[in-house]
Each structure stands twice: as structure tokens, then as C-alpha cells.
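> Input structure: target.cif, which contains mmCIF, C-alpha atoms; chains and numbers go by the auth columns.
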```
data_my_file
#
loop_
_atom_site.group_PDB
_atom_site.id
_atom_site.type_symbol
_atom_site.label_atom_id
_atom_site.label_comp_id
_atom_site.label_asym_id
_atom_site.label_seq_id
_atom_site.Cartn_x
_atom_site.Cartn_y
_atom_site.Cartn_z
_atom_site.B_iso_or_equiv
_atom_site.auth_seq_id
_atom_site.auth_asym_id
ATOM 1 C CA MET A 1 130.511 -0.982 67.388 0.00 83 P
ATOM 2 C CA ALA A 2 130.079 2.471 65.820 0.00 84 P
ATOM 3 C CA ARG A 3 128.777 5.220 68.082 0.00 85 P
ATOM 4 C CA ALA A 4 127.067 8.433 66.987 0.00 86 P
ATOM 5 C CA VAL A 5 126.502 11.769 68.699 0.00 87 P
ATOM 6 C CA PHE A 6 122.954 13.053 68.342 0.00 88 P
ATOM 7 C CA GLY A 7 121.018 15.909 69.826 0.00 89 P
ATOM 8 C CA GLN A 8 118.315 18.505 69.753 0.00 90 P
ATOM 9 C CA VAL A 9 118.846 22.255 69.843 0.00 91 P
ATOM 10 C CA SER A 10 116.557 25.231 70.387 0.00 92 P
ATOM 11 C CA LEU A 11 117.810 28.380 68.728 0.00 93 P
ATOM 12 C CA VAL A 12 116.771 31.843 67.620 0.00 94 P
ATOM 13 C CA ILE A 13 117.999 33.484 64.422 0.00 95 P
ATOM 14 C CA ASP A 14 117.697 37.271 64.364 0.00 96 P
ATOM 15 C CA GLY A 15 119.226 38.683 61.200 0.00 97 P
ATOM 16 C CA CYS A 16 122.884 37.638 61.409 0.00 98 P
ATOM 17 C CA ARG A 17 122.732 36.780 65.100 0.00 99 P
ATOM 18 C CA VAL A 18 122.278 33.152 66.207 0.00 100 P
ATOM 19 C CA VAL A 19 121.434 32.389 69.836 0.00 101 P
ATOM 20 C CA ILE A 20 121.211 28.817 71.102 0.00 102 P
ATOM 21 C CA THR A 21 118.926 28.567 74.114 0.00 103 P
ATOM 22 C CA GLU A 22 118.958 24.824 74.826 0.00 104 P
ATOM 23 C CA VAL A 23 121.073 21.814 73.880 0.00 105 P
ATOM 24 C CA ARG A 24 120.250 18.179 74.600 0.00 106 P
ATOM 25 C CA ALA A 25 122.769 15.618 73.427 0.00 107 P
ATOM 26 C CA GLY A 26 123.613 11.959 73.783 0.00 108 P
ATOM 27 C CA VAL A 27 125.565 9.087 72.279 0.00 109 P
ATOM 28 C CA LEU A 28 123.991 5.921 70.875 0.00 110 P
ATOM 29 C CA ASP A 29 125.052 2.956 68.814 0.00 111 P
ATOM 30 C CA LEU A 30 124.833 4.108 65.184 0.00 112 P
ATOM 31 C CA ALA A 31 122.718 1.137 64.091 0.00 113 P
ATOM 32 C CA GLU A 32 120.247 1.710 66.930 0.00 114 P
ATOM 33 C CA LEU A 33 120.032 5.458 66.290 0.00 115 P
ATOM 34 C CA LEU A 34 119.475 5.099 62.542 0.00 116 P
ATOM 35 C CA GLY A 35 117.122 2.156 63.087 0.00 117 P
ATOM 36 C CA ARG A 36 114.910 4.366 65.249 0.00 118 P
ATOM 37 C CA TYR A 37 115.126 7.123 62.658 0.00 119 P
ATOM 38 C CA VAL A 38 114.184 4.820 59.753 0.00 120 P
ATOM 39 C CA GLU A 39 111.188 3.546 61.754 0.00 121 P
ATOM 40 C CA ALA A 40 110.092 7.139 62.419 0.00 122 P
ATOM 41 C CA ILE A 41 110.154 8.064 58.725 0.00 123 P
ATOM 42 C CA ALA A 42 108.604 4.820 57.476 0.00 124 P
ATOM 43 C CA GLY A 43 105.266 6.593 57.022 0.00 125 P
ATOM 44 C CA VAL A 44 106.723 9.428 54.970 0.00 126 P
ATOM 45 C CA LYS A 45 105.704 8.970 51.340 0.00 127 P
ATOM 46 C CA ASP A 46 106.800 10.828 48.203 0.00 128 P
ATOM 47 C CA GLY A 47 108.745 13.513 50.080 0.00 129 P
ATOM 48 C CA TRP A 48 105.785 14.609 52.189 0.00 130 P
ATOM 49 C CA ARG A 49 107.016 16.361 55.344 0.00 131 P
ATOM 50 C CA VAL A 50 110.654 15.661 54.481 0.00 132 P
ATOM 51 C CA ASP A 51 111.930 18.733 56.364 0.00 133 P
ATOM 52 C CA LEU A 52 110.200 17.577 59.527 0.00 134 P
ATOM 53 C CA TYR A 53 112.245 14.386 59.460 0.00 135 P
ATOM 54 C CA ALA A 54 115.499 15.715 57.990 0.00 136 P
ATOM 55 C CA LEU A 55 118.785 14.788 59.642 0.00 137 P
ATOM 56 C CA HIS A 56 121.012 17.847 59.989 0.00 138 P
ATOM 57 C CA ILE A 57 124.583 16.594 59.916 0.00 139 P
ATOM 58 C CA ALA A 58 128.085 18.026 59.602 0.00 140 P
ATOM 59 C CA TYR A 59 131.399 16.306 59.006 0.00 141 P
ATOM 60 C CA PRO A 60 134.706 16.952 57.223 0.00 142 P
ATOM 61 C CA ALA A 61 134.499 16.805 53.418 0.00 143 P
ATOM 62 C CA ARG A 62 136.911 13.861 53.196 0.00 144 P
ATOM 63 C CA TYR A 63 134.253 11.634 54.814 0.00 145 P
ATOM 64 C CA LEU A 64 131.410 12.526 52.416 0.00 146 P
ATOM 65 C CA ASP A 65 131.467 9.288 50.392 0.00 147 P
ATOM 66 C CA SER A 66 131.806 7.067 53.477 0.00 148 P
ATOM 67 C CA VAL A 67 129.014 8.784 55.392 0.00 149 P
ATOM 68 C CA LEU A 68 126.609 8.605 52.447 0.00 150 P
ATOM 69 C CA TYR A 69 127.499 4.934 51.891 0.00 151 P
ATOM 70 C CA PHE A 70 126.727 3.974 55.487 0.00 152 P
ATOM 71 C CA MET A 71 123.559 6.066 55.580 0.00 153 P
ATOM 72 C CA ARG A 72 122.310 4.169 52.499 0.00 154 P
ATOM 73 C CA ARG A 73 123.279 0.859 54.134 0.00 155 P
ATOM 74 C CA TYR A 74 121.144 1.746 57.169 0.00 156 P
ATOM 75 C CA GLY A 75 118.210 2.752 54.956 0.00 157 P
ATOM 76 C CA VAL A 76 118.477 6.548 55.207 0.00 158 P
ATOM 77 C CA GLN A 77 117.723 8.156 51.850 0.00 159 P
ATOM 78 C CA ARG A 78 119.818 11.109 50.683 0.00 160 P
ATOM 79 C CA ARG A 79 116.731 13.324 50.472 0.00 161 P
ATOM 80 C CA PHE A 80 116.446 13.188 54.276 0.00 162 P
ATOM 81 C CA LEU A 81 119.972 14.538 54.866 0.00 163 P
ATOM 82 C CA ARG A 82 120.830 18.211 55.308 0.00 164 P
ATOM 83 C CA ILE A 83 124.617 18.305 55.064 0.00 165 P
ATOM 84 C CA VAL A 84 127.148 21.004 55.893 0.00 166 P
ATOM 85 C CA LEU A 85 130.819 20.249 55.370 0.00 167 P
ATOM 86 C CA GLY A 86 132.920 21.072 58.407 0.00 168 P
ATOM 87 C CA ASP A 87 134.408 19.337 61.430 0.00 169 P
ATOM 88 C CA PRO A 88 131.936 20.029 64.273 0.00 170 P
ATOM 89 C CA ARG A 89 134.652 19.294 66.847 0.00 171 P
ATOM 90 C CA VAL A 90 136.433 22.562 65.975 0.00 172 P
ATOM 91 C CA VAL A 91 134.210 24.596 63.606 0.00 173 P
ATOM 92 C CA PRO A 92 132.999 27.245 64.388 0.00 174 P
ATOM 93 C CA ILE A 93 134.071 26.974 68.066 0.00 175 P
ATOM 94 C CA LYS A 94 136.251 24.301 69.693 0.00 176 P
ATOM 95 C CA ALA A 95 133.731 21.851 71.155 0.00 177 P
ATOM 96 C CA GLU A 96 133.837 20.883 74.819 0.00 178 P
ATOM 97 C CA GLY A 97 132.141 17.476 74.999 0.00 179 P
ATOM 98 C CA ILE A 98 129.180 16.153 73.046 0.00 180 P
ATOM 99 C CA ASP A 99 126.997 19.176 73.832 0.00 181 P
ATOM 100 C CA GLY A 100 129.592 21.338 72.077 0.00 182 P
ATOM 101 C CA VAL A 101 129.588 19.093 68.997 0.00 183 P
ATOM 102 C CA VAL A 102 125.783 19.268 68.736 0.00 184 P
ATOM 103 C CA ARG A 103 125.921 23.044 69.292 0.00 185 P
ATOM 104 C CA ASN A 104 128.461 23.417 66.454 0.00 186 P
ATOM 105 C CA VAL A 105 126.325 21.365 64.045 0.00 187 P
ATOM 106 C CA ALA A 106 123.414 23.689 64.880 0.00 188 P
ATOM 107 C CA TYR A 107 125.603 26.772 64.353 0.00 189 P
ATOM 108 C CA LEU A 108 126.752 25.525 60.938 0.00 190 P
ATOM 109 C CA HIS A 109 123.166 24.919 59.809 0.00 191 P
ATOM 110 C CA ALA A 110 122.046 28.263 61.265 0.00 192 P
ATOM 111 C CA VAL A 111 124.769 30.096 59.305 0.00 193 P
ATOM 112 C CA LYS A 112 123.579 28.216 56.202 0.00 194 P
ATOM 113 C CA HIS A 113 120.057 29.492 56.912 0.00 195 P
ATOM 114 C CA VAL A 114 121.319 33.066 57.428 0.00 196 P
ATOM 115 C CA ILE A 115 123.110 32.965 54.060 0.00 197 P
ATOM 116 C CA ALA A 116 120.110 31.482 52.243 0.00 198 P
ATOM 117 C CA SER A 117 117.736 34.046 53.757 0.00 199 P
ATOM 118 C CA THR A 118 119.939 37.088 53.049 0.00 200 P
ATOM 119 C CA VAL A 119 121.309 36.394 49.566 0.00 201 P
ATOM 120 C CA GLY A 120 119.611 33.181 48.503 0.00 202 P
ATOM 121 C CA SER A 121 121.330 29.955 47.638 0.00 203 P
ATOM 122 C CA PRO A 122 124.793 30.566 46.174 0.00 204 P
ATOM 123 C CA GLY A 123 124.384 27.600 43.830 0.00 205 P
ATOM 124 C CA PRO A 124 125.466 23.971 43.733 0.00 206 P
ATOM 125 C CA GLY A 125 128.747 23.299 45.514 0.00 207 P
ATOM 126 C CA ARG A 126 129.073 26.873 46.772 0.00 208 P
ATOM 127 C CA MET A 127 127.188 26.825 50.086 0.00 209 P
ATOM 128 C CA SER A 128 129.928 25.227 52.233 0.00 210 P
ATOM 129 C CA PRO A 129 132.654 27.588 50.954 0.00 211 P
ATOM 130 C CA THR A 130 130.306 30.515 51.641 0.00 212 P
ATOM 131 C CA ILE A 131 129.581 29.256 55.179 0.00 213 P
ATOM 132 C CA HIS A 132 133.283 28.935 55.936 0.00 214 P
ATOM 133 C CA ARG A 133 134.053 32.354 54.425 0.00 215 P
ATOM 134 C CA VAL A 134 131.354 33.978 56.590 0.00 216 P
ATOM 135 C CA LEU A 135 132.703 32.215 59.697 0.00 217 P
ATOM 136 C CA LEU A 136 136.295 33.203 58.893 0.00 218 P
ATOM 137 C CA GLU A 137 135.348 36.856 58.266 0.00 219 P
ATOM 138 C CA SER A 138 133.335 36.833 61.510 0.00 220 P
ATOM 139 C CA GLY A 139 136.327 35.680 63.558 0.00 221 P
ATOM 140 C CA TYR A 140 135.353 32.048 64.134 0.00 222 P
ATOM 141 C CA ASN A 141 137.195 28.820 63.309 0.00 223 P
ATOM 142 C CA ALA A 142 136.678 27.706 59.716 0.00 224 P
ATOM 143 C CA ASP A 143 138.242 25.537 57.049 0.00 225 P
ATOM 144 C CA GLU A 144 140.478 28.074 55.306 0.00 226 P
ATOM 145 C CA GLY A 145 140.767 25.890 52.204 0.00 227 P
ATOM 146 C CA LEU A 146 136.987 25.933 51.750 0.00 228 P
ATOM 147 C CA ALA A 147 136.710 29.620 52.682 0.00 229 P
ATOM 148 C CA MET A 148 139.217 30.670 50.020 0.00 230 P
ATOM 149 C CA ARG A 149 137.098 29.039 47.300 0.00 231 P
ATOM 150 C CA ARG A 150 134.531 31.788 47.863 0.00 232 P
ATOM 151 C CA GLY A 151 135.522 35.201 46.531 0.00 233 P
ATOM 152 C CA GLY A 152 133.822 38.517 46.987 0.00 234 P
ATOM 153 C CA ALA A 153 132.078 40.102 49.922 0.00 235 P
ATOM 154 C CA VAL A 154 130.216 38.090 52.526 0.00 236 P
ATOM 155 C CA PRO A 155 126.493 38.732 53.073 0.00 237 P
ATOM 156 C CA CYS A 156 127.026 39.629 56.754 0.00 238 P
ATOM 157 C CA LYS A 157 129.214 38.890 59.733 0.00 239 P
ATOM 158 C CA VAL A 158 127.514 36.433 62.061 0.00 240 P
ATOM 159 C CA GLU A 159 127.380 36.548 65.819 0.00 241 P
ATOM 160 C CA LEU A 160 127.079 33.169 67.533 0.00 242 P
ATOM 161 C CA ARG A 161 125.926 32.940 71.159 0.00 243 P
#
```
Using C-alpha cells, write down the structure that the file contains.


Amino acid sequence: MARAVFGQVSLVIDGCRVVITEVRAGVLDLAELLGRYVEAIAGVKDGWRVDLYALHIAYPARYLDSVLYFMRRYGVQRRFLRIVLGDPRVVPIKAEGIDGVVRNVAYLHAVKHVIASTVGSPGPGRMSPTIHRVLLESGYNADEGLAMRRGGAVPCKVELR
């Protein structure tokens, strides 16, 4: 039986500073979790309110095809996924328990937001390398292979709290 970590995070983004104020996390059977999610979005038609129901996920790049395959099998459409490549167990901070994993997923998506709001979208296939380059330059754990794909200056150094 596959298990999945899920959670909800409250955070504040102030320029290049990200502060997480609350984390609630849990573990459920993957089929049960995605079944509940698919029921919740059943009323969403033609992309209306997609961001309200988006799943923000993070996982290592080598699992991209497998994750998308299983999401399709459970009825989750790609348009409802907000994906950042990175292992949330160690990026940007080594996670202590499931709360730490959920916190790291939130940090990765917050850094993505910081980049998009300061310099705009770097283009297709360039957001994850930019995220990892910003994290690396800011002194946090990052995938060095991804970070080195992004040349040039970073938009800002982030502070994660």
C-alpha cells in the first residue's frame, strides 16, 4: 500500500524572505488521499479556479515520469499539478519528520514564487535550475547538477525561516 505525505502551510513572503508560520502534516494511503482530492475537484470545469485546487508537489527529477503516470491513473490531471523538482527530504533544509518534508515543499514553491515575482518566469525547463541556483547561492542545500545548468547572476539571495 502506497503512503503519501500531505500538509497545509501558512507562510509570508516579503521580498526575498520566506517565513513559515504554521505547518500541519499527515500521512494517508495514496489512493485515499487522491480519491478525496479528485472528489473535491469534480466540480471544476474548463480550468475554472484551477489554482485554488492545485497540488503543490516536489520530488527528485528521476521520478517525474512515474509520478505523472500514477497521478493520471488516480484521475489527477496535469493542469492541477504545480511541480518543483527537488528532494524535499533534504532540499533546502534536511527534513526532520513529515512536518519538515511539508515545510520544504512549501519553501521550494515559495522560492519559485520569489523568482517569478522578481524577474518573471525564466522560460520552459529553466525554473528548477534557477530555484536550485538561488538556494545554493543563499547557502541552503540544493541539487548542484540542476544549479549548474543556470548561469548568470541570481535575482536575490533568499532567507528561509

> For the structure shown, which residues end up in the PyMOL selection byres ((chain P and resi 205-211) around 12)? Put them as a ChimeraX atom specification, please?

/P:140-143,164-169,190-191,193-198,201-204,212-218,224-234,236

> Around region 170-180 of chain P, with edges along x, y and z and 5 Å added on all six sides, what centre and edge lengths do you get, in Å to one decimal, as AutoDock Vina command-line options?


```
--center_x 132.8 --center_y 21.7 --center_z 69.3 --size_x 17.3 --size_y 21.1 --size_z 21.4
```

> Could you tell me how far CA of Ala84 (chain P) sits from CA of Ala192 (chain P), in Å to one decimal place?

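Atom-to-atom, CA of Ala192 (chain P) and CA of Ala84 (chain P) are spaced 27.4 Å apart.
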
> Suppose a student applies the PyMOL selection byres ((chain P and resi 99) around 8) to this structure; what residues should they get, written as a ChimeraX atom specification?

/P:95-98,100-101,240-243

> Do you know which residues the PyMOL selection byres ((chain P and resi 188) around 9) returns on this file, as a VMD selection string?

chain P and resid 90 to 93 102 138 to 139 183 to 187 189 to 193

> Could you take the residues named above and write them with C-alpha atoms, as a tab-separated table (two decimals), in the frame of the given file?


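Output file result.tsv is given in full below:
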```tsv
chain	number	residue	atom	x	y	z
P	90	GLN	CA	118.32	18.50	69.75
P	91	VAL	CA	118.85	22.26	69.84
P	92	SER	CA	116.56	25.23	70.39
P	93	LEU	CA	117.81	28.38	68.73
P	102	ILE	CA	121.21	28.82	71.10
P	138	HIS	CA	121.01	17.85	59.99
P	139	ILE	CA	124.58	16.59	59.92
P	183	VAL	CA	129.59	19.09	69.00
P	184	VAL	CA	125.78	19.27	68.74
P	185	ARG	CA	125.92	23.04	69.29
P	186	ASN	CA	128.46	23.42	66.45
P	187	VAL	CA	126.32	21.36	64.04
P	189	TYR	CA	125.60	26.77	64.35
P	190	LEU	CA	126.75	25.52	60.94
P	191	HIS	CA	123.17	24.92	59.81
P	192	ALA	CA	122.05	28.26	61.26
P	193	VAL	CA	124.77	30.10	59.30
```

> Grab the CA of Gly89 (chain P) to CA of Gly182 (chain P) distance for me, in Å with one decimal place.

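Between these atoms lies a distance of 10.4 Å.
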
> Can you work out the spacing between CA of Phe88 (chain P) and CA of Lys176 (chain P) in Å, to one decimal?

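Separation of CA of Phe88 (chain P) and CA of Lys176 (chain P): 17.5 Å.
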
> Any idea what's packed within 12 Å of Arg160 (chain P), counting only C-alpha atoms, ignoring anything in its chain fewer than 4 positions away? Could you give it as a ChimeraX atom specification?

/P:129,132,136-139,146-147,149-156,164-165

> Measuring between all atoms listed in the file, which one of P:Asp181, P:Ile175, P:Glu114, P:Glu104 shows the shortest distance to Tyr222 (chain P)?

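Using all atoms listed in the file, Tyr222 (chain P) sits closest to P:Ile175.
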
> Let me make sure I understand: among P:Asp111, P:Lys239, P:Gly221, P:Leu116, which one has the smallest atom-to-atom distance to Val158 (chain P) if we use only C-alpha atoms?

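The closest residue to Val158 (chain P) is P:Leu116.
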
> With only C-alpha atoms as the atoms that count, which of P:Arg171, P:Cys238, P:Val105, P:Gly157 lies nearest to Arg118 (chain P)?

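The answer is P:Gly157, which sits nearest to Arg118 (chain P).
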
> Considering only C-alpha atoms, can you say which of P:Asn223, P:Arg161, P:Tyr119, P:Tyr145 comes closest to Ala177 (chain P)?

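Selected residue with least distance to Ala177 (chain P): P:Asn223.
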
> Find, counting all atoms listed in the file, the residue in P:Val172, P:Ile180, P:Val94, P:Leu163 that gets nearest to Arg106 (chain P).

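Under the stated criterion, the closest residue is P:Ile180.
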
> Taking into account all atoms listed in the file, which residue in the set P:Ala235, P:Ala86, P:Ala107, P:Val120 is nearest to Gly179 (chain P)?

P:Ala107
